[in-house]
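**Q** Before I ask anything, let me first share the structure, which is written out below as structure tokens.
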Amino acid sequence: MRKRIRSIFLLICLLFLLAGCEFKDIDKRFFVVSIGVDKPEHSKKKYKVTLKLAIPSGSIRMGSESFQNFSEESDSITEAVQLIKARMDKEADFGHAKALLIGQAIAAEDYRDPLNWFIRQRYIQKIAFMGIGKPDATSVLAVKPKYERLPSNALFLAFGRIGVESQYIVTQDLFHVYRDSKSKEVTPVMPVIEARGDHFKIDHLSVLNDRKTVLTLSPDETKLINILRERFNKTDFDTFTLNNQFLVHTEEIKVNEKSHFDEAKPNIEIDLRMQGIVEERVKKMQITESVLNAVDKSLEQEISQESVNLLKKFQQHQVDPLGLGMVYAATHWDSKETEEKNWAALYPKLTFRVHTDVNLRSPGEIE
Amino acid sequence: MTGTRYLFYVIFLTMLSNVMILVPHVLIQHRFEGAMMSVLLAVPIGILLFYVFTKSMVLFPGLTLSDILANFFPKWFRALYVLQLIIAFFWAGAEPLLAMVRITKGFLNPEMSQYVILLLYLGFVLYTAAMQTTKLLYTVEAILMFVSPLILFILGRSVLDKSFSWVDITDIATNIFHPPDYSSVAAATYIFSGYFNLVVLNRSIQVQLKKRYVLVITVLGIGTLLTSFLIPIGLLGKDAVSDFVFPWISATDTLRLEYSFIERVMLLFIMLYLFLVLLHTAVVWHVAYMLSKSFIKKEIKVFNGLILLLFAIGAFLMRKAITNDYVGFQWITTFLNVRFAAEIILAAILIYAARRQKKA
């Protein structure tokens with residue numbers, strides 16, 4: 001018995017080794033909440049890295065947050081981070097870095113290396129939100145909204161879809177961007193975050209190939225891709241008919257894709273089914289059943305046309321954010337190389353057909 | 001003596017604890033080159049080996065393999081073969097344990113020396129491995145009851161994730177006609193191999209082999225194999241998945257639990273997985289320990305301690321030999337390849353013994 005007690009005691013002593021060097025108290029740490037990688041404006045260095053450090057405070061109130069941004073320029077991201085650490089008195093902790101921003105200039109040239117750095121670090125979450133900073137990442141990180149409780153929390157809320165739900169915001173996690181960028185059959189997208197004084201504007205997307213930005217979409221196109229790619233269903237559309245403009249809120253959208261790759265004229269058929277209500281008519285008019293039906297028709301035509309145009313635009317620029325190539329690969333039994341080659345030849349020849357079926361249930365609360 | 005269900009616990013433990021480091025590493029490497037076919041092929045092979053082996057073992061109630069060999073084979077053969085088995089079982093326990101040490105160092109506690117981590121784990125593993133067989137089996141039952149629901153929750157959560165890509169998985173599935181390769185089959189059959197612990201556990205488990213048990217093992221086996229292979233692909237993408245050193249750990253890092261205490265699933269997963277790996281190593285080393293004890297007739301305490309000490313030294317030496325991740329994975333692949341052939345030989349020896357037993 002005594003022997004056992006002695007050995008257990010020894011084991012417990014060993015446990016103290018655990019605490020040794022790793023544990024640092026929370027007040028000896030800085031929490032990096034977001035990271036930005038830019039191209040320096042004046043120097044010849046490759047990167048300008050900005051870390052946004054949260055400064056903890058006792059009371060959490062709106063607008064009372066405090067943070068500090070540190071920027072350093074260097075040819076490698078790691079070295080820039082080390083240079084920043086040389087200016088601080090506490091250890092930087094990256095465990096809470098949940099927004100990773102790439103400057104517009106870098107995204108337009110080559111975003112692969114920063115992405116590679118982000119994914120290689122074990123301490124950066126693979127579920128961090130990615131975005132492109134406009135005009136650059138540093139100015140987005142510098143924004144201090146009055147309504148923010150914690151540093152960078154406004155971005156986390158907007159992208160996490162726990163706060164605002166906007167039809168123009170497409171959330172892209174770090175691993176998702178990486179996964180799409182590595183595949184030849186789908187291309188990644190990243191939301192563009194614009195710094196505007198004391199708030200952000202996140203209303204459009206950049207479509208990238210496996211190297212750089214190829215296309216910047218308009219907000220309306222972003223809304224469509226949000227429906228087609230992410231199955232987002234709370235959106236507003238507007239349409240002109242009967243000499244009037246109507247705004248319609250859709251509540252339920254169903255997307256159904258059918259691919260006919262092996263026919264003489266390979267084509268993609270997309271079925272969109274929407275239900276919604278009228279939110280506004282711009283000119284005075286009573287909305288009767290026939291008006292509802294007319295709005296249905298007009299919307300159907302418009303959405304179909306816009307979707308086809310968008311898909312054609314992707315095709316022209318040789319990008320594929322919807323992952324149609326993935327569908328091709330998944331439905332064909334050839335080897336990986338053959339599939340990739342065939343798809344590269346097939347994609348430019350694809351034609352698109354979009355059927356939209358809109359069913360407005362009600363004119364709203366009044367006729 | 002305990003019931004058949006304890007055999008199932010051990011088999012299930014082997015499935016769960018090996019699906020996440022050893023097996024998927026090999027399968028994911030070959031995902032476009034025959035891994036899918038190998039998985040399909042591995043199921044009948046694994047089940048057949050399980051059935052044949054267990055069926056033969058049932059003929060010798062209460063005997064360990066060492067006893068059986070003593071009855072039918074010359075002394076020198078028995079000694080050599082048991083020694084080989086001891087090394088094999090030691091290796092089977094050490095590989096996942098060292099991988100876990102590497103993961104702990106990499107993701108949980110980067111500033112602690114790997115040797116210290118190994119020492120701590122060895123403390124638990126050796127203590128558990130030296131327990132009486134029945135007590136060990138009860139421990140397995142208790143820990144599995146606690147861990148497996150949480151693991152199942154994480155698995156379910158990952159399949160239902162919004163970013164989980166079924167298209168990627170379908171693409172891998174459509175590569176099924178690529179001919180299988182030995183490494184993948186060897187890796188995939190490993191998840192069934194928990195029943196080999198019967199070489200010692202047969203003394204304490206009274207096995208009744210019924211048809212529905214075989215069915216249960218089949219279903220569990222297919223389930224675990226497909227999960228282990230396909231979930232990382234669905235989350236990390238069919239092309240990017242091979243870039244990750246530990247696909248399973250990175251895959252769980254792509255999950256977010258918005259409303260839970262810890263947002264990152266990865267940390268929870270590693271902790272749960274740690275339980276399973278330590279327990280699995282304890283069970284396998286217990287088998288090796290018992291086999292070593294069969295060399296001497298009387299129970300000598302010093303000898304027992306010496307065996308355990310040898311295991312610890314062996315683990316440290318292996319840790320020293322594995323200088324980087326690539327060496328580690330090379331060892332794992334070699335282990336899985338050698339093991340498959342060795343298992344078939346073991347099953348053959350047992351069939352021979354069982355036939356002699358029936359005639360006698």
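Letters A, B, ... mark the chains of the structure tokens in the order given; residue numbers begin at 1 per chain; ligand numbers begin at 1, in order shown.
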When you look at Ile132 in chain A with a cut-off of 12 Å (counting only C-alpha atoms), what residues show up, excluding the ones that are within fewer than 5 positions of it in the same chain? I need them as a PyMOL selection string.
**A** chain A and resi 35-38+99-108+111+115+137-141+170-172+177+189-195+201-208+212-213+216
**Q** At a cut-off of 8 Å, which residues of chain B touch chain A? Count only C-alpha atoms and give the answer as a ChimeraX atom specification.
**A** /B:32,106-107,109-112,116,120,123,163,167-178,236-241,250,253-256,264
**Q** So how many Å separate CA of Val278 in chain A and CA of Asn233 in chain A, to one decimal?
**A** 15.4 Å
**Q** Neighbouring residues of Thr239 in chain A were defined as those with any atom within 9 Å, considering only C-alpha atoms; residues of the same chain fewer than 5 positions away were excluded. Please report them as a PDB file with all heavy atoms, in the first residue's frame.
**A**
ATOM      1  N   ASN A 244     -44.312  50.342 -63.645  1.00  0.00           N
ATOM      2  CA  ASN A 244     -44.066  50.568 -62.229  1.00  0.00           C
ATOM      3  C   ASN A 244     -42.851  49.742 -61.807  1.00  0.00           C
ATOM      4  O   ASN A 244     -42.461  48.805 -62.483  1.00  0.00           O
ATOM      5  CB  ASN A 244     -45.303  50.147 -61.427  1.00  0.00           C
ATOM      6  CG  ASN A 244     -45.369  50.873 -60.106  1.00  0.00           C
ATOM      7  OD1 ASN A 244     -44.358  51.386 -59.630  1.00  0.00           O
ATOM      8  ND2 ASN A 244     -46.544  50.905 -59.524  1.00  0.00           N
ATOM      9  N   GLN A 245     -42.266  50.110 -60.667  1.00  0.00           N
ATOM     10  CA  GLN A 245     -41.151  49.319 -60.152  1.00  0.00           C
ATOM     11  C   GLN A 245     -41.591  48.614 -58.879  1.00  0.00           C
ATOM     12  O   GLN A 245     -42.167  49.238 -57.986  1.00  0.00           O
ATOM     13  CB  GLN A 245     -39.961  50.233 -59.858  1.00  0.00           C
ATOM     14  CG  GLN A 245     -38.722  49.471 -59.458  1.00  0.00           C
ATOM     15  CD  GLN A 245     -37.581  50.378 -59.070  1.00  0.00           C
ATOM     16  OE1 GLN A 245     -37.732  51.601 -59.053  1.00  0.00           O
ATOM     17  NE2 GLN A 245     -36.448  49.801 -58.758  1.00  0.00           N
ATOM     18  N   PHE A 246     -41.317  47.325 -58.797  1.00  0.00           N
ATOM     19  CA  PHE A 246     -41.709  46.552 -57.620  1.00  0.00           C
ATOM     20  C   PHE A 246     -40.481  45.987 -56.933  1.00  0.00           C
ATOM     21  O   PHE A 246     -39.537  45.563 -57.582  1.00  0.00           O
ATOM     22  CB  PHE A 246     -42.618  45.392 -58.026  1.00  0.00           C
ATOM     23  CG  PHE A 246     -43.920  45.830 -58.593  1.00  0.00           C
ATOM     24  CD1 PHE A 246     -44.064  46.009 -59.958  1.00  0.00           C
ATOM     25  CD2 PHE A 246     -44.998  46.081 -57.758  1.00  0.00           C
ATOM     26  CE1 PHE A 246     -45.260  46.419 -60.483  1.00  0.00           C
ATOM     27  CE2 PHE A 246     -46.197  46.500 -58.284  1.00  0.00           C
ATOM     28  CZ  PHE A 246     -46.337  46.674 -59.655  1.00  0.00           C
ATOM     29  N   LEU A 247     -40.535  45.995 -55.609  1.00  0.00           N
ATOM     30  CA  LEU A 247     -39.469  45.336 -54.853  1.00  0.00           C
ATOM     31  C   LEU A 247     -40.053  44.141 -54.129  1.00  0.00           C
ATOM     32  O   LEU A 247     -41.101  44.252 -53.493  1.00  0.00           O
ATOM     33  CB  LEU A 247     -38.817  46.311 -53.878  1.00  0.00           C
ATOM     34  CG  LEU A 247     -37.938  47.263 -54.679  1.00  0.00           C
ATOM     35  CD1 LEU A 247     -38.553  48.615 -54.740  1.00  0.00           C
ATOM     36  CD2 LEU A 247     -36.535  47.260 -54.171  1.00  0.00           C
ATOM     37  N   VAL A 248     -39.364  43.027 -54.269  1.00  0.00           N
ATOM     38  CA  VAL A 248     -39.921  41.767 -53.818  1.00  0.00           C
ATOM     39  C   VAL A 248     -38.944  41.108 -52.858  1.00  0.00           C
ATOM     40  O   VAL A 248     -37.743  41.109 -53.073  1.00  0.00           O
ATOM     41  CB  VAL A 248     -40.149  40.855 -55.048  1.00  0.00           C
ATOM     42  CG1 VAL A 248     -40.395  39.432 -54.623  1.00  0.00           C
ATOM     43  CG2 VAL A 248     -41.308  41.377 -55.865  1.00  0.00           C
ATOM     44  N   VAL A 295     -45.984  40.573 -61.993  1.00  0.00           N
ATOM     45  CA  VAL A 295     -44.682  40.733 -61.338  1.00  0.00           C
ATOM     46  C   VAL A 295     -43.925  39.408 -61.354  1.00  0.00           C
ATOM     47  O   VAL A 295     -42.728  39.360 -61.617  1.00  0.00           O
ATOM     48  CB  VAL A 295     -44.866  41.247 -59.894  1.00  0.00           C
ATOM     49  CG1 VAL A 295     -43.538  41.309 -59.165  1.00  0.00           C
ATOM     50  CG2 VAL A 295     -45.502  42.622 -59.899  1.00  0.00           C
ATOM     51  N   SER A 298     -42.467  38.925 -64.826  1.00  0.00           N
ATOM     52  CA  SER A 298     -41.369  39.841 -65.106  1.00  0.00           C
ATOM     53  C   SER A 298     -40.114  39.453 -64.335  1.00  0.00           C
ATOM     54  O   SER A 298     -39.006  39.478 -64.864  1.00  0.00           O
ATOM     55  CB  SER A 298     -41.839  41.257 -64.773  1.00  0.00           C
ATOM     56  OG  SER A 298     -40.783  42.044 -64.356  1.00  0.00           O
ATOM     57  N   LEU A 299     -40.312  39.038 -63.076  1.00  0.00           N
ATOM     58  CA  LEU A 299     -39.168  38.626 -62.256  1.00  0.00           C
ATOM     59  C   LEU A 299     -38.509  37.377 -62.820  1.00  0.00           C
ATOM     60  O   LEU A 299     -37.294  37.280 -62.900  1.00  0.00           O
ATOM     61  CB  LEU A 299     -39.641  38.319 -60.842  1.00  0.00           C
ATOM     62  CG  LEU A 299     -39.373  39.347 -59.753  1.00  0.00           C
ATOM     63  CD1 LEU A 299     -39.876  38.816 -58.432  1.00  0.00           C
ATOM     64  CD2 LEU A 299     -37.907  39.687 -59.664  1.00  0.00           C
ATOM     65  N   GLU A 302     -36.386  38.215 -65.672  1.00  0.00           N
ATOM     66  CA  GLU A 302     -35.210  38.989 -65.317  1.00  0.00           C
ATOM     67  C   GLU A 302     -34.140  38.138 -64.625  1.00  0.00           C
ATOM     68  O   GLU A 302     -32.966  38.192 -64.977  1.00  0.00           O
ATOM     69  CB  GLU A 302     -35.630  40.117 -64.376  1.00  0.00           C
ATOM     70  CG  GLU A 302     -35.189  41.480 -64.862  1.00  0.00           C
ATOM     71  CD  GLU A 302     -35.881  42.566 -64.081  1.00  0.00           C
ATOM     72  OE1 GLU A 302     -35.493  42.766 -62.912  1.00  0.00           O
ATOM     73  OE2 GLU A 302     -36.810  43.182 -64.626  1.00  0.00           O
TER      74      GLU A 302
END
**Q** Please give the complete set of residues from range 19-111 of chain A that DSSP, run on the backbone, assigns to strand (DSSP E), formatted as a count of residues only.
**A** 34
**Q** Find the residues near Ser56 in chain B: any atom within 12 Å, counting only C-alpha atoms, skip ones fewer than 5 places away on the same chain, and give them as a PyMOL selection string.
**A** chain B and resi 49-51+61+63+65+68+196+198-199+202+207-209+346-358
**Q** Can you tell me, as a tab-separated table (two decimals) with N, CA and C atoms, in the first residue's frame, what residues are no more than 7 Å from Leu51 in chain A when counting only C-alpha atoms, ignoring any on the same chain fewer than 2 positions away?
**A**
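This is the output file selection23.tsv:
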chain	number	residue	atom	x	y	z
A	32	VAL	N	-4.23	38.61	-30.72
A	32	VAL	CA	-4.34	39.10	-32.08
A	32	VAL	C	-5.71	38.71	-32.58
A	34	SER	N	-7.18	40.04	-35.58
A	34	SER	CA	-7.23	39.93	-37.03
A	34	SER	C	-5.86	40.26	-37.62
A	35	ILE	N	-5.62	39.71	-38.79
A	35	ILE	CA	-4.33	39.86	-39.45
A	35	ILE	C	-4.58	40.39	-40.85
A	36	GLY	N	-3.77	41.35	-41.26
A	36	GLY	CA	-3.88	41.85	-42.63
A	36	GLY	C	-2.54	41.74	-43.33
A	49	VAL	N	2.66	43.57	-43.11
A	49	VAL	CA	1.77	42.77	-42.27
A	49	VAL	C	1.25	43.63	-41.13
A	53	LEU	N	-4.30	44.08	-32.34
A	53	LEU	CA	-4.23	43.51	-31.00
A	53	LEU	C	-5.35	44.07	-30.14
A	69	ASN	N	-3.05	48.71	-33.61
A	69	ASN	CA	-2.55	48.04	-34.81
A	69	ASN	C	-1.05	48.22	-34.92
A	70	PHE	N	-0.37	47.15	-35.27
A	70	PHE	CA	1.06	47.22	-35.52
A	70	PHE	C	1.31	46.78	-36.95
A	71	SER	N	2.11	47.54	-37.68
A	71	SER	CA	2.45	47.13	-39.04
A	71	SER	C	3.95	47.06	-39.19
**Q** Please, which residues of range 99-332 of chain A, numbered as in this document, come out alpha helix (DSSP H) from DSSP, as a count of residues only?
**A** 85
**Q** Kindly give the distance, in Å, that separates CA of Ser74 in chain A and CA of Lys39 in chain A, rounded to a single decimal.
**A** 9.9 Å
**Q** Extract, using only C-alpha atoms, all DNA, RNA and protein residues at most 12 Å from Tyr147 in chain A, discarding same-chain residues fewer than 4 positions from it, and format them as a VMD selection string.
**A** chain A and resid 60 to 65 143 151 to 155 157 198 to 200
**Q** Write out as a PyMOL selection string which residues come within 12 Å of Phe303 in chain B when counting only C-alpha atoms, dropping same-chain ones fewer than 4 positions away.
**A** chain B and resi 289-290+292-299+307-310
**Q** Mind dumping the selected residues with C-alpha atoms as an mmCIF file, in the first residue's frame?
**A**
data_model
loop_
_atom_site.group_PDB
_atom_site.id
_atom_site.type_symbol
_atom_site.label_atom_id
_atom_site.label_comp_id
_atom_site.auth_asym_id
_atom_site.auth_seq_id
_atom_site.Cartn_x
_atom_site.Cartn_y
_atom_site.Cartn_z
ATOM 1 C CA TYR B 289 3.080 -8.209 -21.574
ATOM 2 C CA MET B 290 1.058 -11.353 -21.008
ATOM 3 C CA SER B 292 6.154 -12.228 -22.410
ATOM 4 C CA LYS B 293 5.053 -13.608 -19.073
ATOM 5 C CA SER B 294 4.212 -16.930 -20.712
ATOM 6 C CA PHE B 295 7.942 -17.553 -21.174
ATOM 7 C CA ILE B 296 8.475 -18.263 -17.510
ATOM 8 C CA LYS B 297 6.471 -20.666 -15.438
ATOM 9 C CA LYS B 298 6.428 -18.898 -12.100
ATOM 10 C CA GLU B 299 5.343 -15.328 -11.428
ATOM 11 C CA ILE B 307 9.256 -6.219 -19.277
ATOM 12 C CA LEU B 308 7.413 -2.971 -18.640
ATOM 13 C CA LEU B 309 10.713 -1.130 -18.412
ATOM 14 C CA LEU B 310 11.738 -2.635 -21.739
#
**Q** Which one is closest to Asp357 in chain A: A:Lys313, A:Lys254, A:Lys28, A:Lys85? Count only C-alpha atoms.
**A**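 Ranking A:Lys313, A:Lys254, A:Lys28, A:Lys85 by distance to Asp357 in chain A, first place goes to A:Lys254.
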